[in-house]
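Data block below; observations after.
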Amino acid sequence: MQIGIFSVGDVTTDPTTNQTPTEHERIKAMVTIARHAEAVGLDVFATGEHHNPPFVPSSPTTMLGYIAAQTERIILSTSTTLITTNDPVKIAEDFAMLQHLSDGRTDIILGRGNTAPVYPWFGRKMQDSVDLTIENYNLLRRLWDEDTVDWQGQFRTPLQNFTSTPRPLDGIAPFVWHGSIRTPQVAEIAAYYGDGFFANNIFWPKEHYQQLIELYRSRYAHYGHGTAEQAIVGLGGQFFMRRNSQDAVREFRPYFDNAPVYGHGPSMEEFTSQTPLTVGSPQEIIEKTLTFREYFGDYQRQLFLVDHAGLPLKTVLEQLDLFGEEVLPVLRKEFANRTPAHVPASPTHDNRKAARAAAESSNDASTH
């Protein structure tokens, strides 16, 4: 199980002080948070991609490349790379470059994006989003898997005798997760290619995401990649904790009430009862997180949102310290004890490289 954090990179006024960080301060804070995530033992740091205020991470690979130079172990990912509005050629090149710079500590979560104005900014139409997703990912897959590509489609100029550079590290493309909060076609794409499916289940009740994940698992098996239980699943989550539960609730409430992603909607109590958000003690975080596999089955990646809604950097780092001290060791132990042997390990560059070498060795032996 990979356990990590993701950031949406919002620039939000702290409702308790009325202080608003500058874009520069917020960007540098995200870097500090990523470095601290590695220091406390987390496995993944992921950043979103946004092109509209109040969000700042418009160039994820620039940020992740900078973080790669300052870290040694943590996997660097995106919590969404917009497959609809980015050119697949640029995605192929940017993430292969990041692979090399990070020595393989790179993967990617692709998504359609849910901000309607972004599409015309990049010369696209939102009503084409599903068709763009299918066509662009098909091209991206070929750019990574084939040295020379001839291609023609509906949404970009044709390619003739084209080679994307640099080539993926060790000939192994970055692992792809397809992220969705509501789109069954995305689950189908993930299953067809045998990729991972990341259900960022932070907004809606679990029953909605159970349907998406069950669809992905069944189609993964249908396409012959393994059993439904062997499909590669990731989940989102959120927490705010203090050692005393009442302190956590009191401190987080003004941030929840003014959060750009769900503020001024359901009450914090309603939201925590229906979604993965946990506001309370370390033990409450542990107990609720361990229920996720009861709803969705065994899975490979758990990412938490911890640095949004105007929370000060100092507070976020305190959250990570407490998580690393009291929550992470217990989650690791419990997930290890509860996960059956037939469930695949979390995908990394090294274990995928080892699996390819083993397959090649087996093929060589069978031909002699």
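Residues in the structure tokens are numbered from 1 in each chain, the chains being A, B, ... in the order shown, and ligands are numbered from 1 in the order shown.
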
Exercise. Write out as a PyMOL selection string each polymer residue whose atoms come within 8 Å of Glu49 in chain A, counting only C-alpha atoms; drop sequence neighbours fewer than 2 positions from it.
Key: chain A and resi 8+47+51+57-60+78-82

Self-check item: Shell of 10 Å around range 348-355 of chain A, only C-alpha atoms, local chain residues under 3 positions omitted, as number ranges by chain
Solution: A: 2, 75, 99, 103-107, 169-175, 345, 358-361

Selection from above, C-alpha atoms, as a short mmCIF file (atom, residue, chain, number, x, y, z; two decimals), in the first residue's frame, can you write it?
```
data_model
loop_
_atom_site.label_atom_id
_atom_site.label_comp_id
_atom_site.auth_asym_id
_atom_site.auth_seq_id
_atom_site.Cartn_x
_atom_site.Cartn_y
_atom_site.Cartn_z
CA GLN A 2 1.29 3.42 -0.98
CA ILE A 75 7.05 9.04 -5.64
CA GLN A 99 11.04 10.00 -15.04
CA ASP A 103 15.23 8.08 -11.37
CA GLY A 104 11.85 6.52 -11.96
CA ARG A 105 9.96 8.10 -9.05
CA THR A 106 7.21 9.30 -11.37
CA ASP A 107 3.70 8.31 -12.26
CA LEU A 169 13.29 5.33 -18.57
CA ASP A 170 14.42 1.71 -19.03
CA GLY A 171 11.76 1.39 -21.73
CA ILE A 172 9.02 1.46 -19.08
CA ALA A 173 6.45 4.23 -19.36
CA PRO A 174 5.26 6.03 -16.23
CA PHE A 175 2.49 4.09 -14.56
CA ALA A 345 1.67 -4.70 -4.82
CA ALA A 358 11.15 -12.02 -14.99
CA ALA A 359 8.73 -12.31 -17.92
CA GLU A 360 11.55 -12.01 -20.45
CA SER A 361 13.58 -14.65 -18.59
#
```

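Across A:Ala259, A:Ile74, A:Ile5, A:Ile109, the tightest approach to Ala39 in chain A is made by A:Ile74 when counting only C-alpha atoms.
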
Quiz prompt | Pairwise distance for CA of His222 in chain A and CA of Ala190 in chain A, rounded to one decimal in Å | solution = 12.2 Å

Quiz item: Which of range 11-96 of chain A counts as helix (DSSP H, G or I) under DSSP, as a ChimeraX atom specification please?
Solution: /A:23-39,60-68,88-96

Practice problem: Name the residues in contact with Ser164 in chain A at a cut-off of 9 Å, using only C-alpha atoms, excluding same-chain residues fewer than 4 positions from it; report them as a ChimeraX atom specification. | Solution: /A:89-90,92-93,143-144,146-149

Same residues, all heavy atoms, output as a compact mmCIF listing (two decimals), in the first residue's frame:
```
# COMPACT_ATOMS: atom_id res chain seq x y z
N VAL A 89 1.46 14.74 -26.98
CA VAL A 89 2.90 14.75 -27.25
C VAL A 89 3.64 15.42 -26.11
O VAL A 89 4.68 14.94 -25.64
CB VAL A 89 3.20 15.46 -28.59
CG1 VAL A 89 4.71 15.62 -28.78
CG2 VAL A 89 2.61 14.68 -29.75
N LYS A 90 3.10 16.53 -25.63
CA LYS A 90 3.77 17.24 -24.54
C LYS A 90 3.70 16.45 -23.24
O LYS A 90 4.66 16.43 -22.46
CB LYS A 90 3.12 18.62 -24.35
CG LYS A 90 4.00 19.60 -23.59
CD LYS A 90 5.18 20.03 -24.47
CE LYS A 90 6.00 21.12 -23.80
NZ LYS A 90 6.88 20.64 -22.74
N ALA A 92 3.66 13.18 -23.03
CA ALA A 92 4.63 12.09 -23.21
C ALA A 92 6.04 12.58 -22.94
O ALA A 92 6.82 11.93 -22.22
CB ALA A 92 4.52 11.51 -24.61
N GLU A 93 6.38 13.72 -23.49
CA GLU A 93 7.75 14.25 -23.33
C GLU A 93 8.00 14.72 -21.90
O GLU A 93 9.05 14.41 -21.30
CB GLU A 93 7.97 15.40 -24.31
CG GLU A 93 7.95 14.97 -25.76
CD GLU A 93 8.04 16.14 -26.73
OE1 GLU A 93 7.72 17.29 -26.33
OE2 GLU A 93 8.43 15.91 -27.88
N LEU A 143 2.77 6.82 -28.05
CA LEU A 143 4.00 7.61 -28.01
C LEU A 143 5.01 7.03 -27.02
O LEU A 143 6.22 7.11 -27.23
CB LEU A 143 3.68 9.06 -27.64
CG LEU A 143 2.93 9.87 -28.70
CD1 LEU A 143 2.40 11.16 -28.09
CD2 LEU A 143 3.83 10.16 -29.89
N TRP A 144 4.51 6.47 -25.93
CA TRP A 144 5.40 5.85 -24.96
C TRP A 144 5.81 4.43 -25.35
O TRP A 144 6.93 4.00 -25.09
CB TRP A 144 4.72 5.81 -23.58
CG TRP A 144 4.86 7.08 -22.81
CD1 TRP A 144 5.84 8.03 -22.93
CD2 TRP A 144 4.00 7.54 -21.75
NE1 TRP A 144 5.64 9.05 -22.03
CE2 TRP A 144 4.51 8.78 -21.30
CE3 TRP A 144 2.85 7.03 -21.17
CZ2 TRP A 144 3.93 9.50 -20.26
CZ3 TRP A 144 2.26 7.74 -20.14
CH2 TRP A 144 2.79 8.98 -19.70
N GLU A 146 5.75 2.95 -28.51
CA GLU A 146 6.33 2.74 -29.84
C GLU A 146 7.41 3.79 -30.11
O GLU A 146 7.22 4.97 -29.83
CB GLU A 146 5.23 2.84 -30.91
CG GLU A 146 4.09 1.86 -30.72
CD GLU A 146 2.94 2.12 -31.68
OE1 GLU A 146 3.18 2.71 -32.77
OE2 GLU A 146 1.79 1.74 -31.36
N ASP A 147 8.51 3.34 -30.68
CA ASP A 147 9.61 4.28 -30.97
C ASP A 147 9.26 5.25 -32.08
O ASP A 147 9.70 6.40 -32.08
CB ASP A 147 10.88 3.51 -31.34
CG ASP A 147 11.51 2.82 -30.14
OD1 ASP A 147 11.27 3.29 -29.00
OD2 ASP A 147 12.22 1.82 -30.33
N THR A 148 8.50 4.79 -33.06
CA THR A 148 8.13 5.64 -34.19
C THR A 148 6.62 5.54 -34.40
O THR A 148 6.08 4.44 -34.49
CB THR A 148 8.86 5.22 -35.48
OG1 THR A 148 10.26 5.22 -35.24
CG2 THR A 148 8.54 6.18 -36.61
N VAL A 149 5.97 6.68 -34.48
CA VAL A 149 4.51 6.71 -34.53
C VAL A 149 4.03 7.45 -35.78
O VAL A 149 4.48 8.56 -36.07
CB VAL A 149 3.94 7.41 -33.27
CG1 VAL A 149 2.42 7.60 -33.40
CG2 VAL A 149 4.27 6.60 -32.03
```

Practice problem: For Val44 in chain A, list every protein, DNA or RNA residue within 9 Å, evaluated using only C-alpha atoms, and leave out those in the same chain fewer than 3 positions away; present the list as a VMD selection string. | Solution: chain A and resid 2 to 6 34 37 to 38 74 to 77 301 303

Could you take the residues named above and write them with N, CA, C and O atoms, as a PDB file, in the first residue's frame?
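Heads up, here's the output in again23.pdb:
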```pdb
ATOM      1  N   GLN A   2       0.643   2.108  -0.972  1.00  0.00           N
ATOM      2  CA  GLN A   2       1.290   3.417  -0.983  1.00  0.00           C
ATOM      3  C   GLN A   2       0.381   4.420  -0.275  1.00  0.00           C
ATOM      4  O   GLN A   2      -0.799   4.517  -0.600  1.00  0.00           O
ATOM      5  N   ILE A   3       0.939   5.130   0.676  1.00  0.00           N
ATOM      6  CA  ILE A   3       0.181   6.123   1.430  1.00  0.00           C
ATOM      7  C   ILE A   3       0.849   7.472   1.231  1.00  0.00           C
ATOM      8  O   ILE A   3       2.066   7.616   1.436  1.00  0.00           O
ATOM      9  N   GLY A   4       0.091   8.456   0.797  1.00  0.00           N
ATOM     10  CA  GLY A   4       0.681   9.759   0.522  1.00  0.00           C
ATOM     11  C   GLY A   4      -0.329  10.876   0.624  1.00  0.00           C
ATOM     12  O   GLY A   4      -1.427  10.712   1.172  1.00  0.00           O
ATOM     13  N   ILE A   5       0.032  12.010   0.055  1.00  0.00           N
ATOM     14  CA  ILE A   5      -0.826  13.191   0.089  1.00  0.00           C
ATOM     15  C   ILE A   5      -0.932  13.798  -1.303  1.00  0.00           C
ATOM     16  O   ILE A   5      -0.066  13.589  -2.159  1.00  0.00           O
ATOM     17  N   PHE A   6      -2.012  14.551  -1.508  1.00  0.00           N
ATOM     18  CA  PHE A   6      -2.122  15.333  -2.733  1.00  0.00           C
ATOM     19  C   PHE A   6      -2.552  16.745  -2.388  1.00  0.00           C
ATOM     20  O   PHE A   6      -3.157  16.996  -1.342  1.00  0.00           O
ATOM     21  N   ALA A  34       5.877  18.816   0.338  1.00  0.00           N
ATOM     22  CA  ALA A  34       6.343  17.591  -0.328  1.00  0.00           C
ATOM     23  C   ALA A  34       7.602  17.052   0.331  1.00  0.00           C
ATOM     24  O   ALA A  34       7.726  15.836   0.569  1.00  0.00           O
ATOM     25  N   ALA A  37       6.673  15.554   3.603  1.00  0.00           N
ATOM     26  CA  ALA A  37       5.990  14.268   3.430  1.00  0.00           C
ATOM     27  C   ALA A  37       7.002  13.133   3.323  1.00  0.00           C
ATOM     28  O   ALA A  37       6.813  12.057   3.904  1.00  0.00           O
ATOM     29  N   GLU A  38       8.064  13.359   2.583  1.00  0.00           N
ATOM     30  CA  GLU A  38       9.112  12.332   2.514  1.00  0.00           C
ATOM     31  C   GLU A  38       9.773  12.141   3.871  1.00  0.00           C
ATOM     32  O   GLU A  38      10.041  11.005   4.291  1.00  0.00           O
ATOM     33  N   ILE A  74      10.510   9.618  -2.304  1.00  0.00           N
ATOM     34  CA  ILE A  74       9.072   9.757  -2.482  1.00  0.00           C
ATOM     35  C   ILE A  74       8.691   9.736  -3.963  1.00  0.00           C
ATOM     36  O   ILE A  74       9.408  10.279  -4.818  1.00  0.00           O
ATOM     37  N   ILE A  75       7.573   9.063  -4.272  1.00  0.00           N
ATOM     38  CA  ILE A  75       7.050   9.037  -5.638  1.00  0.00           C
ATOM     39  C   ILE A  75       6.360  10.366  -5.922  1.00  0.00           C
ATOM     40  O   ILE A  75       5.602  10.882  -5.095  1.00  0.00           O
ATOM     41  N   LEU A  76       6.621  10.916  -7.096  1.00  0.00           N
ATOM     42  CA  LEU A  76       6.072  12.212  -7.488  1.00  0.00           C
ATOM     43  C   LEU A  76       5.040  11.993  -8.581  1.00  0.00           C
ATOM     44  O   LEU A  76       5.312  11.387  -9.611  1.00  0.00           O
ATOM     45  N   SER A  77       3.842  12.484  -8.332  1.00  0.00           N
ATOM     46  CA  SER A  77       2.726  12.209  -9.228  1.00  0.00           C
ATOM     47  C   SER A  77       1.890  13.462  -9.411  1.00  0.00           C
ATOM     48  O   SER A  77       2.188  14.524  -8.854  1.00  0.00           O
ATOM     49  N   ARG A 301      -3.295   2.333  -3.373  1.00  0.00           N
ATOM     50  CA  ARG A 301      -2.813   3.693  -3.078  1.00  0.00           C
ATOM     51  C   ARG A 301      -3.876   4.480  -2.331  1.00  0.00           C
ATOM     52  O   ARG A 301      -5.050   4.477  -2.717  1.00  0.00           O
ATOM     53  N   LEU A 303      -4.318   8.413  -0.985  1.00  0.00           N
ATOM     54  CA  LEU A 303      -3.822   9.781  -0.936  1.00  0.00           C
ATOM     55  C   LEU A 303      -4.785  10.651  -0.139  1.00  0.00           C
ATOM     56  O   LEU A 303      -6.002  10.571  -0.307  1.00  0.00           O
TER      57      LEU A 303
END
```

Exercise. Find the residues around Thr339 in chain A up to 12 Å (only C-alpha atoms counted), leave out those fewer than 5 positions away in its own chain, and share them as a ChimeraX atom specification.
Key: /A:1,229-230,290,293-294,297-300,331-334,344-346

Same residues, N, CA and C atoms, output as an mmCIF file, in the first residue's frame:
```
data_model
loop_
_atom_site.group_PDB
_atom_site.id
_atom_site.type_symbol
_atom_site.label_atom_id
_atom_site.label_comp_id
_atom_site.auth_asym_id
_atom_site.auth_seq_id
_atom_site.Cartn_x
_atom_site.Cartn_y
_atom_site.Cartn_z
ATOM 1 N N MET A 1 0.834 -1.199 0.000
ATOM 2 C CA MET A 1 0.000 0.000 0.000
ATOM 3 C C MET A 1 0.867 1.246 0.000
ATOM 4 N N GLU A 229 -10.169 -8.807 -8.340
ATOM 5 C CA GLU A 229 -9.464 -8.455 -7.103
ATOM 6 C C GLU A 229 -8.036 -7.989 -7.367
ATOM 7 N N GLN A 230 -7.516 -8.267 -8.561
ATOM 8 C CA GLN A 230 -6.146 -7.867 -8.890
ATOM 9 C C GLN A 230 -6.080 -6.525 -9.612
ATOM 10 N N LEU A 290 -9.348 2.516 7.704
ATOM 11 C CA LEU A 290 -9.378 1.054 7.570
ATOM 12 C C LEU A 290 -10.738 0.535 7.119
ATOM 13 N N ARG A 293 -11.396 -0.266 2.740
ATOM 14 C CA ARG A 293 -11.283 -1.540 2.012
ATOM 15 C C ARG A 293 -12.540 -2.391 2.183
ATOM 16 N N GLU A 294 -13.308 -2.138 3.235
ATOM 17 C CA GLU A 294 -14.569 -2.858 3.395
ATOM 18 C C GLU A 294 -15.569 -2.458 2.316
ATOM 19 N N GLY A 297 -12.918 -2.858 -1.480
ATOM 20 C CA GLY A 297 -12.000 -3.962 -1.706
ATOM 21 C C GLY A 297 -10.567 -3.558 -1.428
ATOM 22 N N ASP A 298 -9.663 -4.515 -1.545
ATOM 23 C CA ASP A 298 -8.246 -4.210 -1.345
ATOM 24 C C ASP A 298 -7.758 -3.275 -2.440
ATOM 25 N N TYR A 299 -6.887 -2.359 -2.074
ATOM 26 C CA TYR A 299 -6.436 -1.364 -3.041
ATOM 27 C C TYR A 299 -4.971 -1.031 -2.800
ATOM 28 N N GLN A 300 -4.399 -0.223 -3.694
ATOM 29 C CA GLN A 300 -2.947 -0.053 -3.731
ATOM 30 C C GLN A 300 -2.449 1.336 -3.334
ATOM 31 N N LEU A 331 -1.384 2.150 10.103
ATOM 32 C CA LEU A 331 -1.994 1.844 8.810
ATOM 33 C C LEU A 331 -1.139 0.857 8.027
ATOM 34 N N ARG A 332 0.170 1.070 8.011
ATOM 35 C CA ARG A 332 1.047 0.150 7.279
ATOM 36 C C ARG A 332 0.894 -1.275 7.818
ATOM 37 N N LYS A 333 0.925 -1.416 9.126
ATOM 38 C CA LYS A 333 0.829 -2.741 9.741
ATOM 39 C C LYS A 333 -0.513 -3.389 9.451
ATOM 40 N N GLU A 334 -1.583 -2.618 9.596
ATOM 41 C CA GLU A 334 -2.916 -3.183 9.409
ATOM 42 C C GLU A 334 -3.178 -3.541 7.950
ATOM 43 N N PRO A 344 -2.115 -7.553 -5.957
ATOM 44 C CA PRO A 344 -0.836 -7.020 -6.440
ATOM 45 C C PRO A 344 -0.300 -5.916 -5.542
ATOM 46 N N ALA A 345 1.028 -5.798 -5.523
ATOM 47 C CA ALA A 345 1.670 -4.703 -4.823
ATOM 48 C C ALA A 345 1.406 -3.393 -5.551
ATOM 49 N N SER A 346 1.631 -2.302 -4.852
ATOM 50 C CA SER A 346 1.510 -0.993 -5.487
ATOM 51 C C SER A 346 2.538 -0.868 -6.605
#
```

Exercise. Might you pull out every residue within 8 Å of Leu101 in chain A, with only C-alpha atoms counted and same-chain residues fewer than 5 positions away left off, and present them as a list in words?
Key: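 Once the adjacent positions are removed, what remains is Gly65, Ala68 and Ala69 of chain A.
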
Exercise. Just the residues within 12 Å of Thr183 in chain A, please, counting only C-alpha atoms, with nothing from its chain fewer than 5 positions along; format it as a VMD selection string.
Key: chain A and resid 111 to 114 129 to 130 133 178 188 to 190 197 to 200 208 to 209 211 to 213 215 to 216

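Using only C-alpha atoms, the smallest distance between any of A:Pro15, A:Pro168, A:Gly9, A:Pro276 and Arg253 in chain A comes from A:Pro15.
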
Exercise. Assign secondary structure with DSSP using the backbone only, and return the residues of range 70-221 of chain A in strand (DSSP E or B) as a PyMOL selection string.
Key: chain A and resi 75-78+81-82+106-111+149-151+159-162+175-180+196-199

Exercise. Can you work out the spacing between CA of Pro266 in chain A and CA of Gly234 in chain A in Å, to one decimal?
Key: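 Going from CA of Pro266 in chain A over to CA of Gly234 in chain A, I get 25.5 Å.
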